[in-house]
file entry-v6.cif (mmCIF, C-alpha atoms and all ligand atoms)
data_query
loop_
_atom_site.label_atom_id
_atom_site.label_comp_id
_atom_site.auth_asym_id
_atom_site.auth_seq_id
_atom_site.Cartn_x
_atom_site.Cartn_y
_atom_site.Cartn_z
CA MET A 198 24.91 -46.66 58.44
CA ALA A 199 27.86 -44.82 60.02
CA GLN A 200 27.70 -41.06 59.62
CA LYS A 201 30.26 -39.51 57.34
CA LYS A 202 32.92 -37.77 59.37
CA PRO A 203 33.16 -34.04 58.69
CA THR A 204 36.36 -33.16 56.88
CA MET A 205 39.07 -31.04 58.49
CA ARG A 206 38.42 -28.30 55.98
CA ARG A 207 34.82 -27.99 57.03
CA GLN A 208 35.71 -27.97 60.70
CA GLN A 209 38.23 -25.22 60.26
CA LYS A 210 36.06 -22.94 58.14
CA PRO A 211 35.80 -19.57 59.91
CA GLN A 212 32.37 -18.71 61.34
CA HIS A 213 31.78 -15.58 59.19
CA ASN A 214 32.16 -17.47 55.91
CA ASN A 215 29.47 -19.94 56.91
CA GLY A 216 27.06 -17.09 57.49
CA LYS A 217 25.04 -16.44 60.58
CA PRO A 218 21.30 -17.05 60.45
CA GLY A 219 18.99 -14.58 62.14
CA LEU A 220 15.83 -12.53 62.01
CA ILE A 221 15.39 -8.83 61.16
CA ILE A 222 13.75 -7.24 64.17
CA SER A 223 14.14 -3.53 63.31
CA HIS A 224 14.59 -1.45 60.19
CA TYR A 225 16.27 1.95 60.26
CA GLY A 226 16.35 2.69 56.53
CA VAL A 227 20.11 2.27 56.11
CA ALA A 228 20.59 -0.51 58.64
CA VAL A 229 18.68 -3.42 60.08
CA LEU A 230 18.91 -4.89 63.54
CA VAL A 231 19.37 -8.65 63.31
CA ARG A 232 18.64 -11.03 66.15
CA PHE A 233 20.92 -13.97 65.45
CA ASP A 234 19.89 -17.50 66.28
CA ASN A 235 22.53 -17.58 69.04
CA GLY A 236 20.66 -14.75 70.80
CA GLU A 237 23.04 -11.91 69.90
CA GLU A 238 21.67 -8.74 68.32
CA HIS A 239 23.69 -6.56 65.94
CA PRO A 240 22.90 -3.78 63.49
CA VAL A 241 24.01 -4.51 59.91
CA LYS A 242 24.16 -1.90 57.14
CA VAL A 243 21.86 -2.32 54.14
CA LYS A 244 21.28 -0.27 51.00
CA ARG A 245 18.56 2.32 51.49
CA ASN A 246 16.21 0.72 48.97
CA SER A 247 17.05 -2.88 49.77
CA ASP A 248 13.99 -5.05 50.08
CA HIS A 249 14.90 -6.43 53.53
CA VAL A 250 12.06 -6.07 55.99
CA VAL A 251 11.19 -6.82 59.56
CA GLY A 252 10.23 -10.48 59.88
CA ASP A 253 12.72 -11.62 57.24
CA ARG A 254 14.83 -14.65 58.07
CA VAL A 255 18.32 -13.73 56.92
CA MET A 256 21.81 -15.03 56.50
CA VAL A 257 24.57 -12.57 57.29
CA VAL A 258 27.90 -13.23 55.60
CA ASP A 259 30.79 -10.78 56.03
CA GLU A 260 28.38 -8.04 57.15
CA ARG A 261 26.17 -8.61 54.08
CA VAL A 262 22.52 -9.46 54.62
CA THR A 263 20.69 -11.92 52.39
CA SER A 264 16.99 -12.49 52.99
CA LEU A 265 15.90 -16.12 52.88
CA GLU A 266 12.74 -17.31 51.18
CA ARG A 267 9.60 -15.78 52.70
CA ARG A 268 6.42 -17.59 53.62
CA ASN A 269 4.58 -14.40 52.75
CA ALA A 270 5.04 -10.65 52.65
CA LEU A 271 2.72 -7.73 53.03
CA ARG A 272 3.28 -5.39 50.09
CA ARG A 273 1.58 -2.26 48.87
CA ARG A 274 2.02 0.33 46.16
CA ASP A 275 2.76 3.77 47.59
CA PRO A 276 1.19 6.98 46.14
CA PHE A 277 4.22 7.34 43.81
CA GLY A 278 3.65 3.89 42.35
CA LYS A 279 6.60 2.27 44.09
CA VAL A 280 6.08 -1.17 45.57
CA ARG A 281 6.88 -1.26 49.30
CA THR A 282 7.25 -4.37 51.39
CA LEU A 283 6.04 -3.73 54.92
CA ALA A 284 6.82 -6.95 56.76
CA ALA A 285 7.43 -10.62 56.08
CA ASN A 286 6.31 -13.99 57.42
CA LEU A 287 3.13 -12.81 59.11
CA ASP A 288 0.21 -14.77 60.53
CA LEU A 289 -2.18 -11.96 61.38
CA LEU A 290 -2.75 -8.40 60.23
CA GLY A 291 -4.39 -6.02 62.70
CA ILE A 292 -6.11 -3.18 60.87
CA VAL A 293 -6.30 -0.37 63.41
CA VAL A 294 -9.21 2.00 62.89
CA ALA A 295 -10.83 4.59 65.11
CA VAL A 296 -13.70 7.01 64.98
CA ARG A 297 -11.01 9.73 64.62
CA PRO A 298 -9.03 10.19 62.43
CA GLN A 299 -11.35 8.78 59.81
CA THR A 300 -10.05 5.88 57.78
CA PRO A 301 -10.42 6.81 54.10
CA SER A 302 -13.11 4.96 52.21
CA GLY A 303 -11.82 1.73 50.68
CA PHE A 304 -8.75 1.48 52.91
CA ILE A 305 -10.04 -1.50 54.91
CA GLU A 306 -11.26 -3.37 51.82
CA ARG A 307 -7.90 -2.99 50.09
CA VAL A 308 -5.89 -4.03 53.14
CA VAL A 309 -8.14 -7.06 53.56
CA VAL A 310 -7.58 -8.07 49.92
CA ALA A 311 -3.79 -7.81 50.33
CA ALA A 312 -3.84 -9.75 53.59
CA ARG A 313 -6.09 -12.56 52.40
CA ALA A 314 -4.18 -12.93 49.13
CA ALA A 315 -0.94 -13.29 51.14
CA ASP A 316 -2.58 -15.82 53.47
CA ILE A 317 -2.49 -13.46 56.46
CA ALA A 318 -5.62 -13.40 58.62
CA PRO A 319 -7.10 -9.89 58.91
CA LEU A 320 -8.45 -8.60 62.25
CA LEU A 321 -10.23 -5.27 62.61
CA ILE A 322 -9.02 -3.50 65.75
CA VAL A 323 -11.37 -0.67 66.64
CA ASN A 324 -9.30 1.60 68.88
CA LYS A 325 -10.31 4.68 70.93
CA GLN A 326 -13.45 3.14 72.43
CA ASP A 327 -13.35 5.98 74.95
CA LEU A 328 -14.16 8.59 72.29
CA PRO A 329 -17.76 9.67 71.65
CA GLY A 330 -19.24 8.39 68.40
CA THR A 331 -17.58 4.97 68.69
CA THR A 332 -20.85 3.03 68.99
CA ALA A 333 -22.24 4.41 65.74
CA PHE A 334 -18.86 3.80 64.08
CA GLU A 335 -18.88 0.17 65.26
CA ASP A 336 -22.43 -0.32 63.99
CA GLN A 337 -21.31 0.90 60.58
CA LEU A 338 -18.36 -1.52 60.59
CA GLN A 339 -20.71 -4.36 61.50
CA ARG A 340 -22.90 -3.49 58.49
CA ASP A 341 -19.92 -3.09 56.13
CA PHE A 342 -17.82 -6.04 57.33
CA PRO A 343 -20.21 -8.53 58.94
CA ALA A 344 -17.87 -11.49 58.39
CA MET A 345 -14.68 -9.84 59.65
CA PRO A 346 -13.29 -10.70 63.07
CA ARG A 347 -13.34 -7.50 65.11
CA LEU A 348 -12.05 -6.37 68.49
CA ALA A 349 -12.92 -3.18 70.34
CA VAL A 350 -10.09 -1.63 72.37
CA SER A 351 -8.83 1.55 73.94
CA ALA A 352 -5.08 1.91 74.07
CA LYS A 353 -5.63 4.87 76.40
CA GLN A 354 -7.93 3.26 78.95
CA GLY A 355 -6.97 -0.37 78.54
CA ASP A 356 -10.37 -1.75 77.44
CA GLY A 357 -10.18 -4.92 75.35
CA LEU A 358 -6.41 -5.25 75.68
CA GLU A 359 -6.57 -8.61 77.48
CA LEU A 360 -8.51 -10.10 74.60
CA LEU A 361 -6.16 -8.53 72.06
CA ARG A 362 -3.12 -9.93 73.93
CA HIS A 363 -4.73 -13.36 73.78
CA GLU A 364 -5.47 -13.10 70.04
CA LEU A 365 -1.92 -11.96 69.29
CA ALA A 366 -0.36 -14.71 71.39
CA GLU A 367 -2.49 -17.32 69.61
CA ALA A 368 -1.72 -15.92 66.16
CA GLY A 369 2.10 -15.95 66.26
CA ARG A 370 3.50 -13.02 64.30
CA SER A 371 1.26 -10.04 63.64
CA ALA A 372 1.59 -6.58 62.18
CA LEU A 373 -0.49 -3.48 62.73
CA VAL A 374 -1.49 -1.22 59.87
CA GLY A 375 -3.71 1.81 59.93
CA VAL A 376 -3.84 5.45 59.00
CA SER A 377 -1.52 7.82 60.81
CA GLY A 378 -2.99 8.66 64.18
CA SER A 379 -5.22 5.57 64.54
CA GLY A 380 -3.11 4.54 67.53
CA LYS A 381 -0.76 1.76 66.40
CA SER A 382 2.17 2.96 68.50
CA SER A 383 -0.10 3.63 71.47
CA LEU A 384 -1.37 0.07 71.24
CA LEU A 385 2.15 -1.30 71.10
CA ASN A 386 3.10 0.77 74.12
CA ALA A 387 0.05 -0.51 75.99
CA LEU A 388 0.70 -4.13 75.03
CA CYS A 389 4.42 -3.93 75.71
CA PRO A 390 4.91 -1.65 78.70
CA GLY A 391 8.41 -0.22 78.80
CA ILE A 392 9.11 -0.09 75.08
CA ASP A 393 8.16 3.58 74.89
CA LEU A 394 7.50 3.99 71.17
CA GLU A 395 7.05 7.56 70.07
CA THR A 396 3.39 8.53 69.71
CA GLY A 397 2.19 11.66 68.01
CA ASP A 398 -0.30 14.26 69.00
CA LEU A 399 -2.97 14.13 66.44
CA ASN A 400 -2.90 17.07 64.08
CA GLU A 401 -6.19 17.14 62.21
CA GLU A 402 -4.76 19.52 59.59
CA ASP A 403 -1.74 17.41 58.79
CA HIS A 404 -3.16 14.23 57.35
CA GLY A 405 0.26 13.02 56.30
CA CYS A 406 1.80 13.32 59.77
CA HIS A 407 4.12 10.50 60.73
CA THR A 408 5.33 9.77 64.19
CA THR A 409 6.73 6.32 63.48
CA SER A 410 9.87 6.20 61.40
CA VAL A 411 11.20 2.76 62.23
CA SER A 412 9.54 -0.56 61.77
CA THR A 413 10.10 -2.86 64.73
CA LEU A 414 9.26 -6.41 65.73
CA LEU A 415 8.44 -6.77 69.39
CA ALA A 416 8.14 -9.89 71.47
CA LEU A 417 4.93 -9.55 73.48
CA PRO A 418 5.10 -10.41 77.18
CA ASN A 419 2.22 -12.93 76.95
CA GLY A 420 3.48 -14.54 73.74
CA GLY A 421 3.40 -13.63 70.08
CA GLU A 422 5.29 -10.98 68.15
CA LEU A 423 4.08 -7.68 66.78
CA VAL A 424 5.39 -5.43 64.00
CA ASP A 425 4.70 -1.72 64.06
CA THR A 426 4.53 -0.12 60.60
CA PRO A 427 4.21 3.55 59.65
CA GLY A 428 0.75 4.90 58.96
CA PHE A 429 -0.49 5.67 55.47
CA ARG A 430 -3.71 6.87 53.91
CA ASP A 431 -4.07 4.49 51.01
CA PHE A 432 -3.31 0.86 50.56
CA SER A 433 -2.98 -0.40 46.99
CA PRO A 434 -2.49 -4.15 46.86
CA VAL A 435 0.07 -5.49 44.39
CA ASP A 436 0.35 -9.25 44.86
CA VAL A 437 -3.17 -10.05 43.75
CA SER A 438 -4.10 -11.22 40.27
CA SER A 439 -7.01 -9.38 38.69
CA GLU A 440 -8.67 -12.77 38.29
CA ALA A 441 -8.43 -13.53 42.02
CA LEU A 442 -9.48 -10.07 43.21
CA ALA A 443 -13.20 -10.86 43.57
CA HIS A 444 -12.37 -13.92 45.61
CA TRP A 445 -10.67 -11.83 48.32
CA PHE A 446 -12.78 -8.69 48.08
CA PRO A 447 -15.02 -8.24 51.16
CA GLY A 448 -18.67 -9.08 50.55
CA VAL A 449 -18.28 -10.69 47.11
CA MET A 450 -17.93 -14.36 47.97
CA SER A 451 -20.97 -14.47 50.27
CA ILE A 452 -23.08 -13.39 47.25
CA LEU A 453 -21.44 -15.81 44.82
CA GLU A 454 -21.72 -18.71 47.26
CA GLU A 455 -25.50 -18.31 47.20
CA GLN A 456 -25.57 -18.30 43.43
CA PRO A 457 -22.61 -17.89 41.07
CA CYS A 458 -22.49 -15.66 38.00
CA ARG A 459 -23.39 -17.20 34.64
CA PHE A 460 -19.75 -17.21 33.51
CA ARG A 461 -17.15 -18.83 35.69
CA ASN A 462 -14.50 -16.25 34.72
CA CYS A 463 -16.87 -13.29 35.24
CA ARG A 464 -15.01 -10.11 36.25
CA HIS A 465 -18.30 -8.57 37.35
CA ARG A 466 -18.27 -5.68 34.89
CA GLN A 467 -20.83 -5.85 32.11
CA GLU A 468 -21.07 -9.62 31.69
CA PRO A 469 -24.63 -10.99 31.30
CA GLY A 470 -25.90 -12.96 34.28
CA CYS A 471 -23.51 -11.28 36.70
CA ARG A 472 -24.68 -11.78 40.29
CA ILE A 473 -22.62 -8.91 41.64
CA LYS A 474 -24.14 -6.40 39.19
CA GLN A 475 -27.54 -7.78 40.17
CA ALA A 476 -26.73 -7.35 43.86
CA VAL A 477 -25.76 -3.73 43.19
CA THR A 478 -29.09 -3.11 41.43
CA GLN A 479 -30.97 -4.78 44.30
CA GLY A 480 -29.02 -2.75 46.86
CA THR A 481 -27.43 -5.76 48.61
CA PHE A 482 -23.91 -4.80 47.46
CA SER A 483 -23.20 -1.10 47.83
CA GLU A 484 -22.59 0.99 44.74
CA GLN A 485 -19.61 2.62 46.49
CA ARG A 486 -17.98 -0.72 47.27
CA TYR A 487 -18.67 -1.91 43.72
CA GLN A 488 -16.89 1.19 42.35
CA LEU A 489 -13.97 0.44 44.64
CA TYR A 490 -13.87 -3.12 43.32
CA LEU A 491 -13.89 -1.83 39.71
CA ASN A 492 -11.12 0.70 40.40
CA THR A 493 -8.93 -1.91 42.09
CA LEU A 494 -9.60 -4.35 39.23
CA GLU A 495 -8.57 -1.70 36.72
CA GLU A 496 -5.33 -0.97 38.63
CA LEU A 497 -4.41 -4.64 38.85
CA GLU A 498 -5.13 -5.17 35.15
CA GLN A 499 -2.92 -2.22 34.23
CA LEU A 500 -0.10 -3.64 36.35
CA GLU A 501 -0.51 -7.03 34.67
CA THR A 502 -0.55 -5.57 31.15
CA ALA A 503 2.59 -3.58 31.89
CA ARG A 504 4.28 -6.65 33.35
CA ASN A 505 3.32 -8.80 30.36
CA GLU A 506 4.67 -6.20 27.95
CA GLY A 507 7.86 -5.91 29.97
CA ARG A 508 7.07 -2.27 30.73
CA LYS A 509 7.78 -0.44 33.94
CA ASN A 510 5.13 -0.24 36.63
CA PRO A 511 2.60 2.14 34.97
CA PHE A 512 1.90 3.93 38.26
CA CYS A 513 5.50 5.00 38.89
CA ARG A 514 5.82 8.77 38.85
N1 LIG B 1 -8.72 9.00 73.14
C1 LIG B 1 -7.82 8.10 72.73
N2 LIG B 1 -6.72 8.54 72.07
C2 LIG B 1 -5.83 7.62 71.67
C3 LIG B 1 -6.01 6.22 71.88
N3 LIG B 1 -4.96 5.57 71.32
C4 LIG B 1 -4.17 6.51 70.79
N4 LIG B 1 -4.66 7.75 70.99
C5 LIG B 1 -4.10 9.04 70.58
O1 LIG B 1 -4.06 9.13 69.15
C6 LIG B 1 -2.90 9.84 68.70
C7 LIG B 1 -2.12 9.03 67.69
O2 LIG B 1 -1.62 7.86 68.32
P1 LIG B 1 -0.34 7.05 67.75
O3 LIG B 1 -0.21 5.85 68.62
O4 LIG B 1 0.82 7.95 67.61
O5 LIG B 1 -0.87 6.67 66.30
P2 LIG B 1 -0.11 5.85 65.16
O6 LIG B 1 -1.16 5.07 64.47
O7 LIG B 1 1.03 5.09 65.73
O8 LIG B 1 0.42 7.02 64.20
P3 LIG B 1 1.65 6.96 63.16
O9 LIG B 1 2.86 6.60 63.96
O10 LIG B 1 1.68 8.35 62.62
O11 LIG B 1 1.33 5.93 62.13
C8 LIG B 1 -2.11 10.17 69.98
O12 LIG B 1 -2.42 11.48 70.36
C9 LIG B 1 -2.63 9.18 71.01
O13 LIG B 1 -2.52 9.65 72.33
C10 LIG B 1 -7.19 5.80 72.58
O14 LIG B 1 -7.45 4.63 72.83
N5 LIG B 1 -8.06 6.79 72.96
ZN ZN B 2 -20.11 -11.53 37.83
#

call {"tool": "encode", "arguments": {"input": "entry-v6.cif", "output": "structure tokens"}}
result
Amino acid sequence: MAQKKPTMRRQQKPQHNNGKPGLIISHYGVAVLVRFDNGEEHPVKVKRNSDHVVGDRVMVVDERVTSLERRNALRRRDPFGKVRTLAANLDLLGIVVAVRPQTPSGFIERVVVAARAADIAPLLIVNKQDLPGTTAFEDQLQRDFPAMPRLAVSAKQGDGLELLRHELAEAGRSALVGVSGSGKSSLLNALCPGIDLETGDLNEEDHGCHTTSVSTLLALPNGGELVDTPGFRDFSPVDVSSEALAHWFPGVMSILEEQPCRFRNCRHRQEPGCRIKQAVTQGTFSEQRYQLYLNTLEELEQLETARNEGRKNPFCR
């Protein structure tokens, strides 16, 4: 069948009314840098609390940015209860940890839950291999997260970077998360020589120190893209239903695959015949991790109750 000829009106429509498709590659708080599909890059103003993030496919019409539908997004609740989107359309999430500064207990578990629930593959990146104490730290990670893919690197000395480059190229689009000072910016600088991201001298007293203020998407020389996000000390997942939590929580499924709980909808609290409670009693699931599971479950249930009652996020201060 002959193709319908485009009308004159369509042909004459000015470019800016049609909108220009692109990708957000940097976020500056009040503006985003968009790489348009024609290769041009321009900053475009956005409202300070707009939900546009790095990795968003966008349409820009008359200097107004509209984010298109996301495949996924990494979101967390900040310490004030506000939901923050960190990046969109990710394939892999690198969780950067190091022997110093210590990653707070539960941080990795909660990031893993958020990543898995958003269909983003988590990868533990153990940085600062050059520091003493790393071997013992790695042994602990192996005991705590036996099923998690893990890579040992040193941004400073270059160890493991070839393998990391390969993983990132294979993955597609990745983001790095980790506590402040774990070395995310240093890793980006090492992987992308010449970008010169600001790195901070570690101040042991100032746990809240931030050296990264802008989130950026970088094209890696060997393939793949990487988003740098600011560091934070806690990671509270938001896009996980309380019912699904156990499914994503590290260490739970391997127990339930051996033998499930008596009740299919068991939340692993006080239900009779609960395999997770049993595993805690037998010492095969740590009491500390179980507490973390219960706390996260409680938080997610509170969020759901508030949502169902049309109330505001109960954690907002
Ligand atoms: N010894 C050693 N120090 C490192 C390594 N990687 C990073 N550092 C140091 O750790 C400190 C923090 O590094 P950054 O790259 O700024 O950490 P960050 O995770 O980006 O921190 P935020 O931007 O605050 O989130 C700096 O003093 C780095 O020089 C490493 O492999 N070995
Ligand atoms: Zn159970």

call {"tool": "atom_distance", "arguments": {"input": "entry-v6.cif", "atom1": "atom CA of A:Ile292", "atom2": "atom CA of A:Val308"}}
result
7.8 Å

call {"tool": "closest_residue", "arguments": {"input": "entry-v6.cif", "among": "A:Val251, A:Ala387, A:Leu290, A:Ile221", "to": "A:Leu320", "atoms": "all atoms listed in the file"}}
result
A:Leu290

call {"tool": "closest_residue", "arguments": {"input": "entry-v6.cif", "among": "A:Asp248, A:Asp288, A:Asp356, A:Glu266", "to": "ligand LIG 1 (chain B)", "atoms": "all atoms listed in the file"}}
result
A:Asp356

call {"tool": "closest_residue", "arguments": {"input": "entry-v6.cif", "among": "A:Pro346, A:Pro511, A:Pro469, A:Gly278", "to": "ligand ZN 2 (chain B)", "atoms": "only C-alpha atoms and all ligand atoms"}}
result
A:Pro469

call {"tool": "closest_residue", "arguments": {"input": "entry-v6.cif", "among": "A:Glu468, A:Asp259, A:Asp425, A:Asp275", "to": "ligand LIG 1 (chain B)", "atoms": "all atoms listed in the file"}}
result
A:Asp425

call {"tool": "atom_distance", "arguments": {"input": "entry-v6.cif", "atom1": "atom CA of A:Pro447", "atom2": "atom CA of A:Ala312"}}
result
11.5 Å

call {"tool": "atom_distance", "arguments": {"input": "entry-v6.cif", "atom1": "atom CA of A:Arg508", "atom2": "atom CA of A:Val243"}}
result
27.7 Å

call {"tool": "closest_residue", "arguments": {"input": "entry-v6.cif", "among": "A:Leu287, A:Glu454, A:Ala352, A:Ser264", "to": "A:Ala368", "atoms": "all atoms listed in the file"}}
result
A:Leu287

call {"tool": "closest_residue", "arguments": {"input": "entry-v6.cif", "among": "A:Leu415, A:Ala314, A:Leu361, A:Leu338", "to": "A:Ser302", "atoms": "all atoms listed in the file"}}
result
A:Leu338

call {"tool": "residues_around", "arguments": {"input": "entry-v6.cif", "residues": "A:Gly355", "least_positions_apart": "3", "cutoff": "10 Å", "atoms": "only C-alpha atoms", "output": "number ranges by chain"}}
result
A: 325-327, 350-352, 358-359, 384, 387-388

call {"tool": "residues_near_ligand", "arguments": {"input": "entry-v6.cif", "ligand": "ligand ZN 2 (chain B)", "cutoff": "10 Å", "atoms": "all atoms listed in the file", "output": "MDAnalysis selection string"}}
result
chainID A and resid 443 449 453 457:476

call {"tool": "residues_around", "arguments": {"input": "entry-v6.cif", "residues": "A:His444", "least_positions_apart": "4", "cutoff": "10 Å", "atoms": "only C-alpha atoms", "output": "number ranges by chain"}}
result
A: 310, 313-314, 439-440, 448-451, 453

call {"tool": "axis_aligned_box", "arguments": {"input": "entry-v6.cif", "around": "stretch 495-509 of chain A", "padding_each_side": "8 Å", "output": "JSON"}}
result
{"center_x": -0.4, "center_y": -4.6, "center_z": 33.4, "size_x": 32.4, "size_y": 24.4, "size_z": 26.9}

call {"tool": "residues_around", "arguments": {"input": "entry-v6.cif", "residues": "A:Val231", "least_positions_apart": "6", "cutoff": "7 Å", "atoms": "all atoms listed in the file", "output": "list in words"}}
result
Gly219, Leu220, Ile221, Ile222, Glu238, His239 and Pro240 of chain A

call {"tool": "residues_around", "arguments": {"input": "entry-v6.cif", "residues": "A:Leu494", "least_positions_apart": "3", "cutoff": "7 Å", "atoms": "only C-alpha atoms", "output": "ChimeraX atom specification"}}
result
/A:439,442,490-491,497-498

call {"tool": "write_last_selection", "arguments": {"input": "entry-v6.cif", "atoms": "C-alpha atoms", "output": "PDB file, in the coordinates of the input"}}
result
ATOM      1  CA  SER A 439      -7.010  -9.380  38.690  1.00  0.00           C
ATOM      2  CA  LEU A 442      -9.480 -10.070  43.210  1.00  0.00           C
ATOM      3  CA  TYR A 490     -13.870  -3.120  43.320  1.00  0.00           C
ATOM      4  CA  LEU A 491     -13.890  -1.830  39.710  1.00  0.00           C
ATOM      5  CA  LEU A 497      -4.410  -4.640  38.850  1.00  0.00           C
ATOM      6  CA  GLU A 498      -5.130  -5.170  35.150  1.00  0.00           C
TER       7      GLU A 498
END
